[in-house]
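Asker: Got upload.csv for you, CSV, C-alpha atoms:
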```csv
chain,number,residue,atom,x,y,z
A,1,MET,CA,66.5,91.4,107.1
A,2,THR,CA,66.2,93.0,110.6
A,3,ALA,CA,70.0,92.9,110.9
A,4,LEU,CA,70.4,94.6,107.5
A,5,ALA,CA,68.0,97.4,108.6
A,6,GLN,CA,69.8,97.9,111.9
A,7,SER,CA,73.2,98.0,110.2
A,8,LEU,CA,71.9,100.5,107.6
A,9,LEU,CA,70.4,102.7,110.4
A,10,CYS,CA,73.7,102.8,112.3
A,11,CYS,CA,75.7,103.4,109.2
A,12,VAL,CA,73.6,106.3,107.9
A,13,GLY,CA,73.4,107.8,111.4
A,14,VAL,CA,77.2,107.7,111.8
A,15,VAL,CA,77.8,109.3,108.4
A,16,ALA,CA,75.2,112.1,109.3
A,17,LEU,CA,77.0,112.8,112.6
A,18,TRP,CA,80.4,112.8,110.9
A,19,SER,CA,79.2,115.4,108.3
A,20,LEU,CA,78.5,117.8,111.2
A,21,VAL,CA,82.1,117.7,112.6
A,22,SER,CA,84.2,116.7,109.6
A,23,ALA,CA,86.2,119.9,109.5
A,24,LYS,CA,86.9,119.7,113.2
A,25,LEU,CA,88.1,116.2,112.9
A,26,ALA,CA,90.3,117.1,109.9
A,27,SER,CA,91.9,119.8,111.9
A,28,TRP,CA,92.9,117.1,114.4
A,29,ARG,CA,94.3,115.0,111.4
A,30,VAL,CA,91.5,112.5,111.8
A,31,SER,CA,90.6,111.5,108.2
A,32,ALA,CA,87.0,110.5,107.2
A,33,PRO,CA,87.9,106.8,106.7
A,34,LEU,CA,89.5,106.6,110.1
A,35,ALA,CA,86.6,108.4,111.8
A,36,ILE,CA,83.9,106.3,110.1
A,37,ALA,CA,85.8,103.0,110.5
A,38,SER,CA,86.3,103.7,114.2
A,39,ALA,CA,82.6,104.3,114.6
A,40,GLY,CA,81.9,101.1,112.7
A,41,ALA,CA,84.2,99.2,115.0
A,42,VAL,CA,82.2,100.3,118.0
A,43,VAL,CA,78.9,99.3,116.4
A,44,GLY,CA,80.5,96.0,115.2
A,45,TRP,CA,81.6,95.1,118.7
A,46,PHE,CA,77.9,95.1,119.8
A,47,PHE,CA,76.5,93.5,116.7
A,48,GLY,CA,79.0,90.6,116.6
A,49,PRO,CA,77.9,87.7,114.4
A,50,GLU,CA,75.0,89.6,112.9
A,51,ILE,CA,77.5,91.6,110.8
A,52,VAL,CA,78.7,88.4,109.0
A,53,THR,CA,75.1,87.5,108.3
A,54,VAL,CA,74.5,90.9,106.6
A,55,LEU,CA,77.6,90.4,104.5
A,56,ASN,CA,76.2,87.1,103.1
A,57,TYR,CA,73.0,88.7,101.9
A,58,HIS,CA,72.8,88.7,98.1
A,59,VAL,CA,71.8,92.3,98.0
A,60,THR,CA,74.9,93.2,100.0
A,61,GLU,CA,77.1,91.5,97.3
A,62,GLN,CA,75.3,93.4,94.5
A,63,ILE,CA,75.7,96.8,96.3
A,64,VAL,CA,79.4,96.1,96.8
A,65,GLU,CA,79.8,95.2,93.2
A,66,LEU,CA,78.2,98.4,92.0
A,67,VAL,CA,80.4,100.4,94.4
A,68,LEU,CA,83.5,98.8,93.0
A,69,ALA,CA,82.4,99.4,89.4
A,70,ALA,CA,81.7,103.1,90.1
A,71,LEU,CA,85.0,103.3,92.0
A,72,LEU,CA,87.0,101.8,89.1
A,73,PHE,CA,85.4,104.2,86.6
A,74,SER,CA,85.9,107.2,88.9
A,75,ASP,CA,89.5,106.4,89.5
A,76,SER,CA,90.3,106.3,85.8
A,77,LEU,CA,88.7,109.7,85.4
A,78,ARG,CA,90.5,111.3,88.4
A,79,VAL,CA,93.9,111.3,86.8
A,80,GLU,CA,94.6,114.9,86.1
A,81,GLY,CA,96.1,116.1,82.8
A,82,LYS,CA,97.4,113.5,80.4
A,83,MET,CA,96.5,109.8,80.7
A,84,LEU,CA,99.7,109.0,82.6
A,85,GLY,CA,100.1,112.3,84.4
A,86,SER,CA,103.1,114.5,84.4
A,87,SER,CA,105.6,111.6,84.6
A,88,PRO,CA,104.4,109.0,82.0
A,89,SER,CA,107.6,106.8,82.2
A,90,VAL,CA,107.5,106.7,86.0
A,91,SER,CA,103.7,105.8,86.0
A,92,LEU,CA,104.3,103.0,83.4
A,93,ARG,CA,107.1,101.6,85.5
A,94,LEU,CA,104.9,101.5,88.5
A,95,LEU,CA,102.0,99.9,86.7
A,96,LEU,CA,103.7,97.5,84.4
A,97,LEU,CA,106.8,96.5,86.4
A,98,ALA,CA,106.4,97.3,90.1
A,99,LEU,CA,102.7,96.1,90.4
A,100,PRO,CA,103.2,92.7,88.8
A,101,LEU,CA,106.3,92.1,90.8
A,102,SER,CA,104.5,93.2,94.0
A,103,LEU,CA,101.7,90.8,93.3
A,104,ALA,CA,104.1,87.9,92.6
A,105,LEU,CA,106.1,88.6,95.8
A,106,ALA,CA,102.9,89.0,97.9
A,107,ALA,CA,101.5,85.8,96.5
A,108,SER,CA,104.7,83.9,97.1
A,109,ALA,CA,104.9,85.1,100.7
A,110,SER,CA,101.3,84.2,101.3
A,111,TRP,CA,101.8,80.7,99.8
A,112,PHE,CA,104.9,80.2,101.9
A,113,LEU,CA,103.2,81.2,105.1
A,114,LEU,CA,99.8,79.6,104.3
A,115,PRO,CA,100.7,76.5,102.3
A,116,GLU,CA,97.5,74.6,103.3
A,117,TYR,CA,95.3,77.0,101.3
A,118,GLY,CA,97.1,76.7,98.0
A,119,PHE,CA,98.6,79.2,95.4
A,120,ALA,CA,95.2,80.4,94.1
A,121,VAL,CA,94.2,81.7,97.6
A,122,ALA,CA,97.7,83.2,98.0
A,123,LEU,CA,97.2,85.0,94.6
A,124,LEU,CA,93.7,86.2,95.7
A,125,ILE,CA,95.2,87.6,99.0
A,126,ALA,CA,97.8,89.4,97.0
A,127,CYS,CA,95.2,91.0,94.7
A,128,VAL,CA,93.3,92.1,97.8
A,129,ILE,CA,96.1,93.7,99.8
A,130,MET,CA,98.5,95.2,97.2
A,131,PRO,CA,96.4,97.8,95.2
A,132,ILE,CA,97.1,101.3,96.6
A,133,ASP,CA,94.4,103.9,97.0
A,134,MET,CA,95.2,107.6,97.9
A,135,ALA,CA,91.8,108.3,99.2
A,136,PRO,CA,92.6,107.6,102.9
A,137,ALA,CA,95.7,109.9,102.7
A,138,THR,CA,94.8,112.6,100.1
A,139,ALA,CA,97.0,115.1,101.9
A,140,ILE,CA,99.9,113.3,100.3
A,141,LEU,CA,98.8,114.4,96.8
A,142,THR,CA,98.7,118.1,97.9
A,143,ASP,CA,101.8,118.2,100.0
A,144,ASN,CA,104.4,120.4,98.2
A,145,ARG,CA,107.2,118.8,100.2
A,146,LEU,CA,106.9,115.9,97.7
A,147,THR,CA,108.0,116.5,94.2
A,148,ARG,CA,105.4,116.9,91.5
A,149,GLY,CA,106.7,113.7,89.8
A,150,VAL,CA,106.1,111.6,92.9
A,151,ARG,CA,102.6,113.0,93.5
A,152,SER,CA,101.6,112.5,89.9
A,153,ALA,CA,102.9,109.0,89.7
A,154,LEU,CA,101.1,108.0,92.9
A,155,ASN,CA,97.9,109.5,91.6
A,156,VAL,CA,98.1,107.7,88.3
A,157,GLU,CA,99.0,104.4,90.0
A,158,SER,CA,96.1,104.8,92.4
A,159,GLY,CA,93.7,105.5,89.5
A,160,TYR,CA,94.8,102.6,87.3
A,161,ASN,CA,96.2,99.8,89.5
A,162,ASP,CA,92.8,98.5,90.7
A,163,GLY,CA,91.8,98.1,87.0
A,164,VAL,CA,94.9,96.0,86.4
A,165,VAL,CA,94.3,93.8,89.5
A,166,ALA,CA,90.6,93.3,89.0
A,167,PRO,CA,90.8,90.6,86.2
A,168,ILE,CA,93.6,88.8,88.1
A,169,PHE,CA,91.3,88.8,91.2
A,170,VAL,CA,88.4,87.3,89.2
A,171,PHE,CA,90.7,84.7,87.7
A,172,ALA,CA,92.1,83.7,91.2
A,173,LEU,CA,88.5,83.5,92.5
A,174,ALA,CA,87.6,81.2,89.6
A,175,MET,CA,90.6,79.0,90.3
A,176,ILE,CA,89.6,78.6,93.9
A,177,THR,CA,86.1,77.5,93.1
A,178,ALA,CA,87.3,75.1,90.4
A,179,THR,CA,87.2,71.4,91.5
A,180,SER,CA,89.2,69.6,88.8
A,181,VAL,CA,91.9,70.1,86.1
A,182,ASP,CA,89.2,70.3,83.5
A,183,SER,CA,87.3,73.0,85.4
A,184,VAL,CA,90.5,74.9,86.0
A,185,THR,CA,91.1,74.9,82.2
A,186,THR,CA,87.6,75.9,81.6
A,187,SER,CA,87.9,78.7,84.2
A,188,ILE,CA,91.0,80.1,82.4
A,189,GLY,CA,89.2,80.0,79.0
A,190,LYS,CA,86.2,81.7,80.5
A,191,ALA,CA,88.4,84.4,82.2
A,192,LEU,CA,90.1,85.2,78.9
A,193,LEU,CA,86.8,85.3,77.0
A,194,ALA,CA,85.3,87.5,79.8
A,195,SER,CA,88.3,89.9,79.6
A,196,THR,CA,87.9,90.2,75.8
A,197,VAL,CA,84.2,90.9,76.1
A,198,SER,CA,84.9,93.5,78.9
A,199,LEU,CA,87.5,95.3,76.8
A,200,LEU,CA,85.1,95.5,73.8
A,201,VAL,CA,82.1,96.6,75.9
A,202,GLY,CA,84.0,99.1,78.0
A,203,SER,CA,85.7,100.6,75.0
A,204,ALA,CA,82.5,100.8,72.9
A,205,ILE,CA,80.4,102.4,75.6
A,206,GLY,CA,83.2,104.7,76.8
A,207,LEU,CA,84.2,106.0,73.4
A,208,THR,CA,80.6,106.4,72.3
A,209,PHE,CA,79.6,108.4,75.4
A,210,GLY,CA,82.8,110.5,75.2
A,211,TRP,CA,82.2,111.4,71.6
A,212,ALA,CA,78.5,112.0,72.2
A,213,MET,CA,79.3,114.2,75.2
A,214,LYS,CA,81.6,116.4,73.1
A,215,VAL,CA,78.9,116.8,70.4
A,216,ALA,CA,76.1,117.5,72.9
A,217,LEU,CA,78.2,120.2,74.6
A,218,ARG,CA,79.3,121.8,71.4
A,219,ARG,CA,75.7,122.1,70.1
A,220,GLY,CA,74.2,123.1,73.4
A,221,TRP,CA,71.9,120.1,73.8
A,222,THR,CA,72.7,119.5,77.5
A,223,THR,CA,73.5,121.1,80.8
A,224,THR,CA,76.2,120.6,83.4
A,225,SER,CA,73.8,119.0,85.9
A,226,SER,CA,72.1,116.6,83.5
A,227,LEU,CA,75.4,115.6,81.9
A,228,SER,CA,76.8,114.9,85.4
A,229,ILE,CA,74.0,112.4,85.8
A,230,GLY,CA,74.9,110.8,82.5
A,231,VAL,CA,78.6,110.4,83.5
A,232,LEU,CA,77.5,108.6,86.7
A,233,ALA,CA,75.2,106.3,84.7
A,234,VAL,CA,78.1,105.2,82.4
A,235,PRO,CA,79.8,102.8,84.8
A,236,LEU,CA,76.5,101.3,85.9
A,237,VAL,CA,75.4,100.8,82.3
A,238,THR,CA,78.8,99.4,81.4
A,239,PHE,CA,78.8,97.0,84.3
A,240,SER,CA,75.3,95.7,83.6
A,241,ALA,CA,76.0,95.3,79.8
A,242,ALA,CA,79.2,93.4,80.5
A,243,ILE,CA,77.5,91.0,82.9
A,244,LEU,CA,74.7,90.4,80.5
A,245,LEU,CA,77.2,89.5,77.8
A,246,HIS,CA,79.1,87.2,80.2
A,247,GLY,CA,82.0,89.6,80.6
A,248,ASN,CA,83.8,91.1,83.6
A,249,GLY,CA,81.8,94.1,84.8
A,250,PHE,CA,84.6,95.6,86.8
A,251,VAL,CA,87.1,95.5,83.9
A,252,ALA,CA,84.5,96.9,81.6
A,253,ALA,CA,83.7,99.8,83.9
A,254,PHE,CA,87.4,100.6,84.3
A,255,VAL,CA,88.0,100.5,80.5
A,256,ALA,CA,85.0,102.7,79.9
A,257,GLY,CA,86.5,105.3,82.3
A,258,VAL,CA,89.8,105.2,80.4
A,259,ALA,CA,88.0,105.6,77.1
A,260,VAL,CA,85.8,108.5,78.3
A,261,HIS,CA,88.9,110.2,79.7
A,262,LEU,CA,90.8,109.6,76.5
A,263,CYS,CA,88.0,110.9,74.3
A,264,ALA,CA,86.7,113.9,76.2
A,265,ARG,CA,89.5,114.8,78.6
A,266,SER,CA,89.2,118.6,78.2
A,267,GLU,CA,85.5,118.6,78.7
A,268,LEU,CA,85.3,116.2,81.7
A,269,HIS,CA,86.2,118.1,84.8
A,270,PRO,CA,82.9,120.1,85.3
A,271,HIS,CA,80.8,117.0,84.9
A,272,THR,CA,82.5,114.5,87.2
A,273,ALA,CA,81.5,116.0,90.5
A,274,LEU,CA,78.3,113.9,91.0
A,275,THR,CA,80.2,110.7,90.2
A,276,GLU,CA,83.0,111.7,92.7
A,277,GLN,CA,80.3,112.5,95.4
A,278,PHE,CA,78.6,109.2,94.8
A,279,VAL,CA,81.8,107.3,95.2
A,280,GLU,CA,82.8,109.3,98.2
A,281,CYS,CA,79.4,108.7,99.9
A,282,THR,CA,79.3,105.0,99.1
A,283,SER,CA,83.0,104.7,100.2
A,284,LEU,CA,82.0,106.1,103.6
A,285,VAL,CA,79.5,103.3,103.9
A,286,VAL,CA,82.1,100.7,103.0
A,287,TRP,CA,84.5,102.2,105.6
A,288,PHE,CA,81.8,101.8,108.2
A,289,VAL,CA,81.3,98.1,107.2
A,290,PHE,CA,85.1,97.7,107.4
A,291,GLY,CA,85.2,98.9,110.9
A,292,ALA,CA,82.2,96.8,112.0
A,293,VAL,CA,83.7,93.6,110.4
A,294,ALA,CA,87.2,94.4,111.8
A,295,ALA,CA,85.8,94.5,115.4
A,296,TYR,CA,84.2,91.1,115.0
A,297,ILE,CA,87.2,89.5,113.3
A,298,VAL,CA,89.6,90.8,115.9
A,299,TYR,CA,87.2,89.4,118.6
A,300,LEU,CA,87.4,86.0,116.9
A,301,GLY,CA,91.2,86.1,116.9
A,302,LEU,CA,93.8,86.7,114.2
A,303,ASP,CA,96.2,84.2,112.6
A,304,TRP,CA,99.7,85.6,113.3
A,305,ARG,CA,100.8,84.6,109.8
A,306,ILE,CA,98.2,87.1,108.4
A,307,VAL,CA,99.8,89.9,110.4
A,308,VAL,CA,103.2,89.0,109.0
A,309,ILE,CA,101.8,89.0,105.4
A,310,SER,CA,100.2,92.4,105.9
A,311,VAL,CA,103.3,93.9,107.4
A,312,LEU,CA,105.4,92.6,104.5
A,313,ALA,CA,102.8,93.9,102.0
A,314,LEU,CA,103.0,97.4,103.4
A,315,THR,CA,106.8,97.4,103.6
A,316,VAL,CA,109.3,95.1,101.8
A,317,VAL,CA,106.8,93.7,99.2
A,318,ARG,CA,105.9,97.2,98.2
A,319,LEU,CA,109.3,98.9,98.6
A,320,VAL,CA,111.6,96.4,96.8
A,321,PRO,CA,109.6,96.2,93.5
A,322,VAL,CA,109.0,99.9,93.3
A,323,CYS,CA,112.6,100.8,93.9
A,324,LEU,CA,113.8,98.2,91.4
A,325,ALA,CA,111.2,99.4,88.8
A,326,LEU,CA,112.4,103.0,89.2
A,327,VAL,CA,116.1,102.3,88.7
A,328,GLY,CA,117.2,104.4,85.8
A,329,SER,CA,114.2,106.7,86.0
A,330,ARG,CA,114.5,110.4,86.5
A,331,LEU,CA,113.5,110.1,90.1
A,332,GLY,CA,116.3,110.3,92.7
A,333,VAL,CA,116.8,107.8,95.5
A,334,VAL,CA,114.7,109.8,98.0
A,335,ASP,CA,111.8,110.1,95.6
A,336,ARG,CA,112.0,106.4,94.8
A,337,LEU,CA,111.7,105.7,98.6
A,338,ALA,CA,108.7,108.1,98.7
A,339,SER,CA,107.0,106.4,95.9
A,340,SER,CA,107.4,103.0,97.6
A,341,ILE,CA,106.6,104.0,101.2
A,342,LEU,CA,103.6,106.3,100.5
A,343,GLY,CA,101.3,103.6,99.2
A,344,PRO,CA,98.1,103.5,101.3
A,345,ARG,CA,95.5,100.9,101.0
A,346,GLY,CA,91.8,101.8,100.8
A,347,ILE,CA,88.4,101.1,99.3
A,348,THR,CA,89.6,98.7,96.6
A,349,THR,CA,91.2,96.4,99.2
A,350,ILE,CA,88.0,96.5,101.3
A,351,VAL,CA,85.6,95.8,98.4
A,352,LEU,CA,87.7,93.0,97.0
A,353,GLY,CA,88.0,91.5,100.4
A,354,LEU,CA,84.3,91.6,101.0
A,355,LEU,CA,83.6,90.1,97.5
A,356,ALA,CA,86.0,87.3,98.2
A,357,PHE,CA,84.4,86.6,101.6
A,358,ASN,CA,81.0,86.5,100.0
A,359,ALA,CA,82.0,84.2,97.2
A,360,LEU,CA,84.1,81.6,99.2
A,361,ASP,CA,83.6,79.0,101.9
A,362,ASP,CA,83.8,80.3,105.4
A,363,ASP,CA,87.4,79.1,106.2
A,364,ILE,CA,89.0,80.6,103.1
A,365,GLY,CA,86.7,83.6,103.1
A,366,LEU,CA,87.7,84.4,106.7
A,367,ILE,CA,91.4,84.2,106.0
A,368,VAL,CA,91.1,86.6,103.1
A,369,LEU,CA,88.9,88.9,105.3
A,370,GLN,CA,91.6,88.8,108.0
A,371,ALA,CA,94.3,89.8,105.4
A,372,MET,CA,92.1,92.7,104.3
A,373,ILE,CA,91.4,93.9,107.8
A,374,VAL,CA,94.9,93.8,109.1
A,375,THR,CA,96.4,95.4,106.0
A,376,ILE,CA,93.9,98.3,106.0
A,377,SER,CA,94.2,98.8,109.8
A,378,LEU,CA,98.0,99.0,109.6
A,379,SER,CA,97.8,101.3,106.6
A,380,LEU,CA,95.4,103.7,108.4
A,381,LEU,CA,98.0,104.0,111.1
A,382,MET,CA,101.0,104.1,108.8
A,383,HIS,CA,99.7,106.3,106.0
A,384,GLY,CA,96.7,108.1,107.6
A,385,LEU,CA,98.2,109.2,110.9
A,386,GLY,CA,101.9,108.7,110.0
A,387,SER,CA,102.0,110.2,106.5
A,388,SER,CA,102.9,113.7,107.6
A,389,PHE,CA,105.8,112.4,109.7
A,390,MET,CA,107.1,110.3,106.8
A,391,VAL,CA,106.9,113.1,104.3
A,392,ARG,CA,108.8,115.4,106.7
A,393,VAL,CA,111.6,112.8,107.1
A,394,LEU,CA,111.7,112.3,103.3
A,395,SER,CA,111.8,116.0,102.7
A,396,ARG,CA,114.7,116.5,105.1
A,397,ALA,CA,116.5,113.6,103.5
A,398,ARG,CA,116.1,115.2,100.1
A,399,PHE,CA,117.3,118.5,101.4
A,400,ARG,CA,120.4,116.9,102.9
A,401,SER,CA,121.0,114.9,99.7
A,402,SER,CA,120.8,118.1,97.5
A,403,HIS,CA,122.9,120.1,100.0
A,404,THR,CA,125.6,117.4,99.9
A,405,SER,CA,125.6,117.3,96.1
A,406,SER,CA,125.9,121.0,95.9
A,407,ALA,CA,128.9,121.0,98.3
A,408,LEU,CA,130.6,118.3,96.3
A,409,CYS,CA,130.2,120.4,93.1
```
How does the structure come out when it is put into structure tokens?
Answerer:
Amino acid sequence: MTALAQSLLCCVGVVALWSLVSAKLASWRVSAPLAIASAGAVVGWFFGPEIVTVLNYHVTEQIVELVLAALLFSDSLRVEGKMLGSSPSVSLRLLLLALPLSLALAASASWFLLPEYGFAVALLIACVIMPIDMAPATAILTDNRLTRGVRSALNVESGYNDGVVAPIFVFALAMITATSVDSVTTSIGKALLASTVSLLVGSAIGLTFGWAMKVALRRGWTTTSSLSIGVLAVPLVTFSAAILLHGNGFVAAFVAGVAVHLCARSELHPHTALTEQFVECTSLVVWFVFGAVAAYIVYLGLDWRIVVISVLALTVVRLVPVCLALVGSRLGVVDRLASSILGPRGITTIVLGLLAFNALDDDIGLIVLQAMIVTISLSLLMHGLGSSFMVRVLSRARFRSSHTSSALC
């Protein structure tokens, strides 16, 4: 436990120091994830193998699971306005067409490049590296050079795609740990049953709390601060209840968030700040862990095939499905490119990668961890430092396109 205490001390100390200079770093376009991850990498370089020891602690796994449950719940609440934002058809295309196709392409590419690990590992890698998360590049969502439709669709996809991927991730994990055809069939049956339980638990708790929240506010039984605590408790209660009933806690937490948002959308905003702050705080810890683990994994050496898979995931495997899914939508060509290129990876990828590493044998766990680390590192450079440049290029392309159309008319 000494390694855990040392890691915790370094992590909390780095976060405290970052809080003192966060505005200055932001003025230099250094995001919080990039700053914290960089500090974690420095610490990880000195800790070395002890970092992997900390990751294998049971308490570490439990903390990571709770962080993911809170993140899934918070993401589903963060979507502003209607459930599917200001561009419902575009959001549905991204979630129901582009995301499954992206997962299929990523899994196929991983299976082709890493045939010795099998399709289940390839699918697991796809689930880890494909969900987008706008947190590392929040400036994209407030950049008026992008159309409102693009920003809304990306925000909705970021909020909901991890909830779609989570059950597939759990299924792939069960497939890997299965040892025979019978156990594979059993795993599929258990996964379906767990998903059903999760939907019921998440819906029941979410709808009940959303309704109770509206009643309590209407009758003056509660306050903003106390209700904020209650909102934060919902994903933790839902996760625990689903686990006790042999369901999937992640799916249940996500469904609960959707149900609360659906039931009490107009009353939610003033009461989600504590949940968002909790997720933000724990996310900084996860970014520190990412940096520390990345330093150690890079020191051990990377498989070149993982680099290829990660590059493909951030470019072709994301771009082609999104552009195909948006054919016939109201978005123009430039906006379709923006929706496909501006897809950063973040906390969901890190947490799923850490959970996979914790649950699998060393060889398989390390290959998934490598995929997570390379994908996140490239995304930080591409979407963190490079997003402003990409938005500027896309904005100019849109201007030239509209100018050309006007001239033709």
Asker: Using only C-alpha atoms, determine which residues lie at most 9 Å from A:Leu337, disregarding the query and same-chain residues fewer than 6 positions distant; provide the list as number ranges by chain.
Answerer: A: 319, 322-323, 394
Asker: Please compute the atom CA of A:Val293-atom CA of A:Ser19 distance, one decimal, in Å.
Answerer: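 Here the two named atoms are 22.4 Å from each other.
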Asker: Calculate how many Å separate atom CA of A:Val311 from atom CA of A:Val128, rounding to one decimal.
Answerer: 14.0 Å
Asker: Between A:Leu66, A:Ala273, A:Val14, A:Ala41, which residue has the minimum interatomic distance to A:Phe239, considering all atoms listed in the file?
Answerer: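 The answer is A:Leu66, which sits nearest to A:Phe239.
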Asker: Would you please work out which residue, of A:Leu8, A:Ala69, A:Ala178, A:Ala256, is nearest to A:Ala292 when using all atoms listed in the file?
Answerer: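 So, comparing all the options, the nearest one is A:Leu8.
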Asker: Excluding A:Val320 and its own-chain neighbours fewer than 2 positions away, which residues fall within 12 Å of it when counting only C-alpha atoms? Please give them as a PDB file with C-alpha atoms, in the coordinates of the input.
Answerer:
```pdb
ATOM      1  CA  LEU A  94     104.900 101.500  88.500  1.00  0.00           C
ATOM      2  CA  LEU A  97     106.800  96.500  86.400  1.00  0.00           C
ATOM      3  CA  ALA A  98     106.400  97.300  90.100  1.00  0.00           C
ATOM      4  CA  LEU A  99     102.700  96.100  90.400  1.00  0.00           C
ATOM      5  CA  LEU A 101     106.300  92.100  90.800  1.00  0.00           C
ATOM      6  CA  SER A 102     104.500  93.200  94.000  1.00  0.00           C
ATOM      7  CA  LEU A 103     101.700  90.800  93.300  1.00  0.00           C
ATOM      8  CA  LEU A 105     106.100  88.600  95.800  1.00  0.00           C
ATOM      9  CA  ALA A 106     102.900  89.000  97.900  1.00  0.00           C
ATOM     10  CA  LEU A 312     105.400  92.600 104.500  1.00  0.00           C
ATOM     11  CA  ALA A 313     102.800  93.900 102.000  1.00  0.00           C
ATOM     12  CA  LEU A 314     103.000  97.400 103.400  1.00  0.00           C
ATOM     13  CA  THR A 315     106.800  97.400 103.600  1.00  0.00           C
ATOM     14  CA  VAL A 316     109.300  95.100 101.800  1.00  0.00           C
ATOM     15  CA  VAL A 317     106.800  93.700  99.200  1.00  0.00           C
ATOM     16  CA  ARG A 318     105.900  97.200  98.200  1.00  0.00           C
ATOM     17  CA  VAL A 322     109.000  99.900  93.300  1.00  0.00           C
ATOM     18  CA  CYS A 323     112.600 100.800  93.900  1.00  0.00           C
ATOM     19  CA  LEU A 324     113.800  98.200  91.400  1.00  0.00           C
ATOM     20  CA  ALA A 325     111.200  99.400  88.800  1.00  0.00           C
ATOM     21  CA  LEU A 326     112.400 103.000  89.200  1.00  0.00           C
ATOM     22  CA  VAL A 327     116.100 102.300  88.700  1.00  0.00           C
ATOM     23  CA  ARG A 336     112.000 106.400  94.800  1.00  0.00           C
ATOM     24  CA  LEU A 337     111.700 105.700  98.600  1.00  0.00           C
ATOM     25  CA  SER A 339     107.000 106.400  95.900  1.00  0.00           C
ATOM     26  CA  SER A 340     107.400 103.000  97.600  1.00  0.00           C
ATOM     27  CA  ILE A 341     106.600 104.000 101.200  1.00  0.00           C
TER      28      ILE A 341
END
```
Asker: Need to verify the contact set: A:Met134, 8 Å, all atoms listed in the file, exclusion of same-chain residues closer than 6 positions in sequence. Can you return it as a ChimeraX atom specification?
Answerer: /A:140-141,154-155,158,343-346
Asker: What does the distance between atom CA of A:Ile168 and atom CA of A:Leu207 come to in Å, to one decimal place?
Answerer: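 Atom-to-atom, atom CA of A:Ile168 to atom CA of A:Leu207, that is 24.5 Å.
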Asker: Using all atoms listed in the file, which protein or nucleic acid residues come within 12 Å of A:Ala35? Drop anything in the same chain fewer than 2 positions from it, and give the result as a PyMOL selection string.
Answerer: chain A and resi 14-15+17-19+21-26+28-33+37-42+136+284-285+287-288+290-291+380+384-385
Asker: List every protein, DNA or RNA residue that has at least one atom no more than 10 Å from (85.1, 100.6, 75.1) in the file's coordinates, counting all atoms listed in the file, and write the result as a ChimeraX atom specification.
Answerer: /A:197-209,238,252-260
Asker: Of the candidates A:Ser152, A:Leu9, A:Gln370, A:Leu113, which shows the shortest atom-to-atom distance to A:Ile129, using all atoms listed in the file?
Answerer: A:Gln370
Asker: List as a list of chain:residue names: which residues have an atom within 7 Å of (99.4, 109.2, 103.8), counting all atoms listed in the file?
Answerer: A:Ala137, A:Thr138, A:Ala139, A:Ile140, A:Leu342, A:Pro344, A:His383, A:Gly384, A:Gly386, A:Ser387, A:Ser388
Asker: Mind dumping the selected residues with C-alpha atoms as a PDB file, in the frame of the given file?
Answerer:
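File produced: selection-v6.pdb:
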```pdb
ATOM      1  CA  ALA A 137      95.700 109.900 102.700  1.00  0.00           C
ATOM      2  CA  THR A 138      94.800 112.600 100.100  1.00  0.00           C
ATOM      3  CA  ALA A 139      97.000 115.100 101.900  1.00  0.00           C
ATOM      4  CA  ILE A 140      99.900 113.300 100.300  1.00  0.00           C
ATOM      5  CA  LEU A 342     103.600 106.300 100.500  1.00  0.00           C
ATOM      6  CA  PRO A 344      98.100 103.500 101.300  1.00  0.00           C
ATOM      7  CA  HIS A 383      99.700 106.300 106.000  1.00  0.00           C
ATOM      8  CA  GLY A 384      96.700 108.100 107.600  1.00  0.00           C
ATOM      9  CA  GLY A 386     101.900 108.700 110.000  1.00  0.00           C
ATOM     10  CA  SER A 387     102.000 110.200 106.500  1.00  0.00           C
ATOM     11  CA  SER A 388     102.900 113.700 107.600  1.00  0.00           C
TER      12      SER A 388
END
```
Asker: Using only C-alpha atoms, find the one residue out of A:Leu77, A:Leu274, A:Ala356, A:Ala242 that sits nearest to A:Phe169.
Answerer: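 Looking at the shortest contact to A:Phe169, the residue is A:Ala356.
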Asker: Pick out the closest residue to A:Val234 from this set: A:Trp111, A:Phe389, A:Tyr160, A:Phe73. Count only C-alpha atoms.
Answerer: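 Among the listed residues, the smallest separation from A:Val234 belongs to A:Phe73.
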Asker: So, counting all atoms listed in the file, which residue among A:Met175, A:Leu302, A:Met372, A:Leu360 is closest to A:Thr348?
Answerer: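 Answer, going by the shortest atom-to-atom distance: A:Met372.
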Asker: Can you list, as number ranges by chain, every protein, DNA or RNA residue that comes within 9 Å of stretch 222-231 of chain A when you count all atoms listed in the file, leaving out same-chain residues fewer than 2 positions away?
Answerer: A: 209, 213, 216-217, 219-220, 233-235, 270-275
